[in-house]
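Data block for coords_37.tsv (TSV, C-alpha atoms and all ligand atoms):
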chain	number	residue	atom	x	y	z
A	1	MET	CA	24.40	-34.63	-9.80
A	2	LYS	CA	26.95	-32.01	-8.87
A	3	ASN	CA	25.80	-29.15	-6.70
A	4	TYR	CA	27.18	-26.17	-8.64
A	5	SER	CA	26.99	-22.67	-7.19
A	6	VAL	CA	24.73	-20.49	-9.31
A	7	ARG	CA	23.58	-16.90	-9.32
A	8	MET	CA	20.11	-15.75	-10.29
A	9	ILE	CA	19.18	-12.19	-11.16
A	10	ARG	CA	16.10	-10.02	-11.54
A	11	GLU	CA	16.80	-6.77	-13.37
A	12	HIS	CA	13.66	-4.98	-12.16
A	13	MET	CA	11.28	-5.08	-9.21
A	14	GLU	CA	7.95	-4.98	-11.05
A	15	ASP	CA	5.29	-7.71	-11.04
A	16	ILE	CA	6.28	-9.42	-7.81
A	17	PRO	CA	4.02	-12.44	-7.27
A	18	GLN	CA	1.75	-12.11	-4.24
A	19	PHE	CA	1.23	-15.19	-2.11
A	20	PRO	CA	-0.63	-14.55	1.17
A	21	ILE	CA	0.61	-16.09	4.41
A	22	PRO	CA	-1.60	-19.17	4.92
A	23	LYS	CA	-3.93	-19.49	7.89
A	24	GLY	CA	-2.10	-20.84	10.91
A	25	PHE	CA	1.15	-18.99	10.18
A	26	VAL	CA	2.49	-15.50	10.87
A	27	MET	CA	5.41	-13.55	9.39
A	28	ARG	CA	7.25	-11.39	11.88
A	29	ASN	CA	10.44	-9.38	11.83
A	30	TYR	CA	13.69	-10.58	13.36
A	31	ARG	CA	14.33	-9.11	16.82
A	32	PRO	CA	17.74	-8.26	18.33
A	33	ASP	CA	19.92	-11.24	19.28
A	34	GLU	CA	17.74	-13.86	17.63
A	35	GLY	CA	20.59	-15.40	15.67
A	36	ALA	CA	20.21	-18.70	17.52
A	37	ILE	CA	16.71	-19.11	16.05
A	38	TRP	CA	18.08	-18.51	12.55
A	39	THR	CA	20.83	-21.08	13.18
A	40	ARG	CA	18.35	-23.67	14.46
A	41	ILE	CA	16.20	-23.43	11.33
A	42	GLN	CA	19.15	-23.35	8.89
A	43	ARG	CA	20.78	-26.32	10.64
A	44	ALA	CA	17.63	-28.41	10.43
A	45	ALA	CA	16.99	-27.54	6.77
A	46	GLU	CA	20.47	-27.46	5.23
A	47	PRO	CA	21.14	-30.55	3.08
A	48	TYR	CA	24.73	-29.91	1.93
A	49	PHE	CA	26.89	-28.76	4.84
A	50	ASP	CA	27.02	-28.44	8.61
A	51	VAL	CA	25.69	-25.09	9.81
A	52	ASP	CA	28.06	-23.94	12.55
A	53	ASP	CA	27.25	-21.49	15.33
A	54	GLN	CA	29.33	-18.74	13.69
A	55	LEU	CA	27.64	-18.81	10.25
A	56	PHE	CA	25.01	-16.26	11.25
A	57	ALA	CA	27.64	-13.73	12.36
A	58	ARG	CA	29.80	-14.34	9.29
A	59	GLU	CA	26.86	-13.67	7.00
A	60	PHE	CA	25.36	-10.63	8.72
A	61	LYS	CA	28.13	-8.90	10.67
A	62	ARG	CA	28.22	-6.07	8.12
A	63	ASP	CA	25.04	-4.70	9.70
A	64	PHE	CA	23.33	-6.67	12.46
A	65	GLY	CA	20.98	-3.73	13.07
A	66	ALA	CA	19.59	-4.00	9.53
A	67	LEU	CA	18.26	-7.47	10.34
A	68	GLU	CA	15.40	-6.00	12.38
A	69	ASP	CA	14.04	-4.50	9.14
A	70	ARG	CA	15.29	-6.97	6.60
A	71	SER	CA	15.03	-10.41	8.17
A	72	PHE	CA	11.81	-12.30	8.82
A	73	TYR	CA	10.68	-15.43	10.61
A	74	LEU	CA	7.67	-17.45	9.61
A	75	THR	CA	6.07	-18.78	12.78
A	76	THR	CA	3.19	-21.02	13.64
A	77	ASP	CA	0.20	-19.47	15.39
A	78	ALA	CA	1.73	-20.81	18.59
A	79	GLY	CA	4.82	-18.69	17.95
A	80	GLU	CA	7.29	-21.40	16.94
A	81	GLU	CA	9.69	-20.12	14.26
A	82	ILE	CA	9.74	-22.55	11.33
A	83	GLY	CA	11.02	-20.44	8.43
A	84	THR	CA	13.49	-17.64	7.78
A	85	ILE	CA	14.20	-15.28	4.89
A	86	THR	CA	16.33	-12.15	4.68
A	87	ALA	CA	15.89	-9.25	2.25
A	88	TRP	CA	19.61	-8.40	2.28
A	89	TRP	CA	21.53	-6.16	-0.08
A	90	GLN	CA	24.94	-5.50	-1.60
A	91	PRO	CA	25.61	-1.76	-1.94
A	92	ASP	CA	28.46	-2.21	-4.39
A	93	LEU	CA	28.24	-5.26	-6.59
A	94	ASP	CA	30.48	-4.33	-9.51
A	95	GLY	CA	29.59	-0.70	-8.80
A	96	GLU	CA	25.81	-1.19	-8.46
A	97	ASP	CA	23.39	-1.54	-5.57
A	98	TRP	CA	21.51	-4.86	-5.60
A	99	GLY	CA	18.88	-6.26	-3.27
A	100	GLN	CA	19.62	-9.83	-2.28
A	101	ILE	CA	17.40	-12.70	-1.24
A	102	HIS	CA	19.57	-14.32	1.39
A	103	TRP	CA	19.39	-17.60	3.30
A	104	VAL	CA	15.87	-18.88	2.73
A	105	ALA	CA	14.95	-21.95	4.77
A	106	ILE	CA	11.91	-23.79	6.07
A	107	HIS	CA	12.18	-26.41	8.79
A	108	PRO	CA	11.85	-29.88	7.19
A	109	ASP	CA	8.72	-30.60	9.25
A	110	TYR	CA	7.01	-27.78	7.32
A	111	GLN	CA	8.48	-28.17	3.82
A	112	GLY	CA	6.29	-29.19	0.89
A	113	ARG	CA	3.37	-27.00	1.97
A	114	GLY	CA	3.96	-24.00	-0.27
A	115	LEU	CA	5.30	-21.80	2.53
A	116	ALA	CA	8.36	-20.51	0.68
A	117	LYS	CA	6.43	-18.37	-1.81
A	118	PRO	CA	4.56	-16.35	0.86
A	119	MET	CA	7.92	-15.65	2.53
A	120	MET	CA	9.33	-14.55	-0.84
A	121	SER	CA	6.42	-12.15	-1.41
A	122	VAL	CA	7.23	-10.38	1.88
A	123	ALA	CA	10.98	-10.22	1.30
A	124	MET	CA	10.66	-9.06	-2.32
A	125	ALA	CA	8.17	-6.35	-1.33
A	126	TYR	CA	10.75	-5.08	1.15
A	127	LEU	CA	13.53	-5.13	-1.47
A	128	LYS	CA	11.33	-3.26	-3.95
A	129	ARG	CA	11.15	-0.33	-1.55
A	130	PHE	CA	14.91	0.22	-1.54
A	131	HIS	CA	16.46	-1.44	-4.57
A	132	GLU	CA	16.00	-1.38	-8.32
A	133	ARG	CA	17.16	-4.91	-8.98
A	134	SER	CA	17.90	-8.05	-7.03
A	135	PHE	CA	19.95	-11.23	-7.12
A	136	LEU	CA	20.62	-14.33	-5.10
A	137	GLY	CA	23.11	-17.14	-4.82
A	138	THR	CA	22.04	-20.74	-4.60
A	139	SER	CA	23.16	-24.10	-5.96
A	140	SER	CA	21.97	-26.41	-8.70
A	141	GLY	CA	20.86	-29.19	-6.35
A	142	ARG	CA	18.35	-27.01	-4.53
A	143	ILE	CA	15.45	-27.70	-6.88
A	144	PRO	CA	12.51	-26.50	-4.72
A	145	ALA	CA	14.36	-23.24	-4.06
A	146	ILE	CA	15.20	-22.73	-7.74
A	147	LYS	CA	11.59	-23.45	-8.73
A	148	VAL	CA	10.42	-20.73	-6.33
A	149	TYR	CA	13.02	-18.23	-7.57
A	150	LEU	CA	12.19	-18.88	-11.25
A	151	ASP	CA	8.50	-18.39	-10.48
A	152	PHE	CA	9.43	-15.08	-8.84
A	153	GLY	CA	11.05	-13.80	-12.02
A	154	PHE	CA	14.69	-14.53	-11.24
A	155	TYR	CA	16.60	-15.99	-14.14
A	156	PRO	CA	19.99	-17.72	-14.48
A	157	ASP	CA	23.07	-15.51	-14.63
A	158	LEU	CA	24.79	-17.32	-17.49
A	159	GLU	CA	27.97	-15.28	-17.13
A	160	ARG	CA	28.95	-17.20	-13.99
A	161	GLU	CA	31.53	-19.96	-14.08
A	162	ASN	CA	30.13	-23.44	-14.90
A	163	SER	CA	26.71	-21.97	-15.59
A	164	GLN	CA	26.07	-24.07	-18.70
A	165	GLN	CA	26.71	-27.33	-16.83
A	166	ALA	CA	24.88	-26.13	-13.74
A	167	TRP	CA	21.71	-25.05	-15.52
A	168	ALA	CA	21.69	-28.09	-17.80
A	169	GLU	CA	21.63	-30.17	-14.60
A	170	VAL	CA	18.75	-28.17	-13.19
A	171	ALA	CA	16.85	-28.45	-16.48
A	172	SER	CA	17.31	-32.23	-16.48
A	173	VAL	CA	15.03	-32.45	-13.43
A	174	LEU	CA	13.00	-29.23	-13.60
A	175	GLN	CA	11.02	-28.13	-16.64
A	176	HIS	CA	10.37	-24.40	-16.54
A	177	PRO	CA	9.49	-21.81	-19.21
A	178	VAL	CA	12.30	-19.50	-18.05
A	179	LEU	CA	14.84	-22.30	-18.47
A	180	ARG	CA	13.46	-23.14	-21.91
A	181	ALA	CA	13.70	-19.45	-22.85
A	182	CYS	CA	17.36	-19.56	-21.80
A	183	GLY	CA	17.97	-22.51	-24.13
A	184	PHE	CA	17.83	-25.37	-21.59
A	201	LIG	C1	14.03	-23.85	-0.29
A	201	LIG	C2	12.90	-24.17	0.67
A	201	LIG	C3	12.71	-23.00	1.63
A	201	LIG	C4	11.60	-24.34	-0.17
A	201	LIG	O1	10.54	-24.65	0.68
A	201	LIG	P1	9.67	-25.96	0.41
A	201	LIG	O2	8.60	-26.02	1.42
A	201	LIG	O3	10.59	-27.12	0.32
A	201	LIG	O4	9.11	-25.59	-1.03
A	201	LIG	P2	7.75	-26.10	-1.68
A	201	LIG	O5	7.45	-27.47	-1.27
A	201	LIG	O6	6.75	-25.02	-1.53
A	201	LIG	O7	8.23	-26.20	-3.21
A	201	LIG	C5	8.55	-25.08	-3.94
A	201	LIG	C6	8.22	-25.37	-5.39
A	201	LIG	O8	9.13	-26.34	-5.90
A	201	LIG	C7	8.43	-27.43	-6.45
A	201	LIG	N1	9.24	-28.63	-6.25
A	201	LIG	C8	9.62	-29.16	-5.08
A	201	LIG	N2	10.39	-30.24	-5.30
A	201	LIG	C9	10.49	-30.37	-6.63
A	201	LIG	C10	11.14	-31.31	-7.48
A	201	LIG	N3	11.88	-32.30	-6.98
A	201	LIG	N4	11.04	-31.15	-8.82
A	201	LIG	C11	10.29	-30.14	-9.34
A	201	LIG	N5	9.65	-29.23	-8.58
A	201	LIG	C12	9.75	-29.36	-7.25
A	201	LIG	C13	7.11	-27.44	-5.71
A	201	LIG	O9	6.11	-28.13	-6.45
A	201	LIG	C14	6.83	-25.96	-5.58
A	201	LIG	O10	6.35	-25.43	-6.78
A	201	LIG	P3	4.81	-24.95	-6.91
A	201	LIG	O11	4.66	-23.82	-5.93
A	201	LIG	O12	4.67	-24.51	-8.31
A	201	LIG	O13	3.99	-26.16	-6.53
A	201	LIG	C15	13.15	-25.47	1.46
A	201	LIG	O14	13.20	-26.56	0.56
A	201	LIG	C16	14.42	-25.46	2.27
A	201	LIG	O15	14.46	-24.95	3.38
A	201	LIG	N6	15.51	-26.07	1.74
A	201	LIG	C17	16.78	-26.19	2.44
A	201	LIG	C18	17.52	-24.88	2.48
A	201	LIG	C19	17.79	-24.35	1.10
A	201	LIG	O16	18.29	-25.03	0.22
A	201	LIG	N7	17.45	-23.06	0.93
A	201	LIG	C20	17.68	-22.34	-0.29
A	201	LIG	C21	18.96	-21.63	-0.15
A	201	LIG	S1	19.31	-20.65	-1.59

Now that the file is in, can you turn its structure into structure tokens?
Amino acid sequence: MKNYSVRMIREHMEDIPQFPIPKGFVMRNYRPDEGAIWTRIQRAAEPYFDVDDQLFAREFKRDFGALEDRSFYLTTDAGEEIGTITAWWQPDLDGEDWGQIHWVAIHPDYQGRGLAKPMMSVAMAYLKRFHERSFLGTSSGRIPAIKVYLDFGFYPDLERENSQQAWAEVASVLQHPVLRACGF
């Protein structure tokens, strides 16, 4: 399977699924200068490329201060950070303001326990306060991520390059009503 870049979009912010944070875990906001924690989690979770020490700054340098409101860590009760999600935004995406789900990751030791959806509920609730629509970038090989995003009402942006091939690949391993509705 190729790992095509894909974009997913959600044209409104209504009906956001609510998944509570499970017992034993806590969501907290990012605090100043906690980029190294973000890098540790992304590095452990990322299956397709090496996460270098500068990635965090490249991704968020536009507004580090906004991270204290928009970025979240999922921690264990003991305070160990094991997940990260950022409710980012693009103020001018082809002339429109879009909320953006950015860099979702759960440490491999904690994957497969349904922890991504509770993180999404928190980040989407934040985006709903400030944005009328949202989008995200991901890639066709990231099946658990795509399953979560489809369940959260994001759908394939079929205007992107290679989208037919990309989404046909996803649909070959993931059956989902949204994909069927899109013809896959
Ligand atoms: C994306 C990520 C945060 C998801 O967390 P996770 O703990 O792996 O996700 P879950 O195990 O809760 O799985 C999410 C959903 O995908 C489903 N799923 C997982 N693997 C699947 C597969 N191979 N085929 C079909 N469905 C699958 C799960 O059943 C679950 O759906 P459900 O809630 O209806 O049961 C995590 O996989 C991760 O950190 N990946 C690496 C980084 C990454 O790719 N991030 C996304 C960047 S856009």

To one decimal place, how far is atom O4 of ligand LIG 201 (chain A) from CA of Leu93 (chain A) in Å?
->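 Rounded to one decimal, the two atoms are 28.5 Å apart.
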
Which is closest to ligand LIG 201 (chain A) among A:Arg28, A:Arg40, A:Arg62, A:His131, if we use all atoms listed in the file?
->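 Distance minimum relative to ligand LIG 201 (chain A) lands on A:Arg40.
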
For region 141-158 of chain A, please output as a ChimeraX atom specification all residues within 6 Å (counting only C-alpha atoms; exclusion window: fewer than 3 positions along the same chain).
-> /A:3,7-10,163

Save the residues we just selected, C-alpha atoms, as a short mmCIF file (atom, residue, chain, number, x, y, z; two decimals), in the frame of the given file?
data_model
loop_
_atom_site.label_atom_id
_atom_site.label_comp_id
_atom_site.auth_asym_id
_atom_site.auth_seq_id
_atom_site.Cartn_x
_atom_site.Cartn_y
_atom_site.Cartn_z
CA ASN A 3 25.80 -29.15 -6.70
CA ARG A 7 23.58 -16.90 -9.32
CA MET A 8 20.11 -15.75 -10.29
CA ILE A 9 19.18 -12.19 -11.16
CA ARG A 10 16.10 -10.02 -11.54
CA SER A 163 26.71 -21.97 -15.59
#

Pick from A:Leu127, A:Ala181, A:Met1, A:Met27, whichever lies nearest to Ala166 (chain A) using all atoms listed in the file =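 Among the listed residues, A:Met1 lies closest to Ala166 (chain A).
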
Using 8 Å as the limit and counting only C-alpha atoms and all ligand atoms, can you tabulate each residue of chain A that touches ligand LIG 201 (chain A), with its shortest atom-to-atom distance in Å and the two atoms involved, as a Markdown table?
| residue | atom | partner | partner_atom | distance |
| --- | --- | --- | --- | --- |
| A:Gln42 | CA | A:LIG201 | C18 | 6.8 |
| A:Ala45 | CA | A:LIG201 | C17 | 4.5 |
| A:Glu46 | CA | A:LIG201 | C18 | 4.8 |
| A:Pro47 | CA | A:LIG201 | C17 | 6.2 |
| A:Gly83 | CA | A:LIG201 | C3 | 7.5 |
| A:His102 | CA | A:LIG201 | S1 | 7.0 |
| A:Trp103 | CA | A:LIG201 | C21 | 5.3 |
| A:Val104 | CA | A:LIG201 | N7 | 4.8 |
| A:Ala105 | CA | A:LIG201 | O15 | 3.3 |
| A:Ile106 | CA | A:LIG201 | O15 | 3.9 |
| A:His107 | CA | A:LIG201 | O15 | 6.0 |
| A:Pro108 | CA | A:LIG201 | O15 | 6.8 |
| A:Tyr110 | CA | A:LIG201 | O2 | 6.4 |
| A:Gln111 | CA | A:LIG201 | O2 | 3.2 |
| A:Gly112 | CA | A:LIG201 | O5 | 3.0 |
| A:Arg113 | CA | A:LIG201 | O5 | 5.2 |
| A:Gly114 | CA | A:LIG201 | O6 | 3.2 |
| A:Leu115 | CA | A:LIG201 | O6 | 5.4 |
| A:Ala116 | CA | A:LIG201 | O1 | 4.7 |
| A:Lys117 | CA | A:LIG201 | O6 | 6.7 |
| A:Leu136 | CA | A:LIG201 | S1 | 7.3 |
| A:Gly137 | CA | A:LIG201 | S1 | 6.1 |
| A:Thr138 | CA | A:LIG201 | S1 | 4.1 |
| A:Ser139 | CA | A:LIG201 | S1 | 6.8 |
| A:Arg142 | CA | A:LIG201 | O16 | 5.1 |
| A:Ile143 | CA | A:LIG201 | C9 | 5.6 |
| A:Pro144 | CA | A:LIG201 | O8 | 3.6 |
| A:Ala145 | CA | A:LIG201 | C1 | 3.8 |
| A:Ile146 | CA | A:LIG201 | O8 | 7.3 |
| A:Lys147 | CA | A:LIG201 | O8 | 4.7 |
| A:Val148 | CA | A:LIG201 | C6 | 5.2 |
| A:Asp151 | CA | A:LIG201 | O12 | 7.5 |
| A:Val173 | CA | A:LIG201 | N4 | 6.2 |
| A:Leu174 | CA | A:LIG201 | C11 | 5.1 |
| A:Gln175 | CA | A:LIG201 | C11 | 7.6 |

Can you tell me how far CA of Trp167 (chain A) sits from CA of Val6 (chain A), in Å to one decimal?
->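 Separation of CA of Trp167 (chain A) and CA of Val6 (chain A): 8.3 Å.
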
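Computed from the coordinates, the CA of Arg133 (chain A) to CA of Gly95 (chain A) distance equals 13.1 Å.
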
Rank nothing, just name the residue among A:Tyr4, A:Phe130, A:Tyr73, A:Phe184 nearest to Tyr48 (chain A), using only C-alpha atoms.
->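 With only C-alpha atoms as the atom set, the closest residue is A:Tyr4.
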
May I ask which of the residues A:Gln54, A:Gln164, A:Thr84, A:Thr76 is the closest one to Asn29 (chain A), counting all atoms listed in the file?
->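 Nearest candidate to Asn29 (chain A) out of A:Gln54, A:Gln164, A:Thr84, A:Thr76: A:Thr84.
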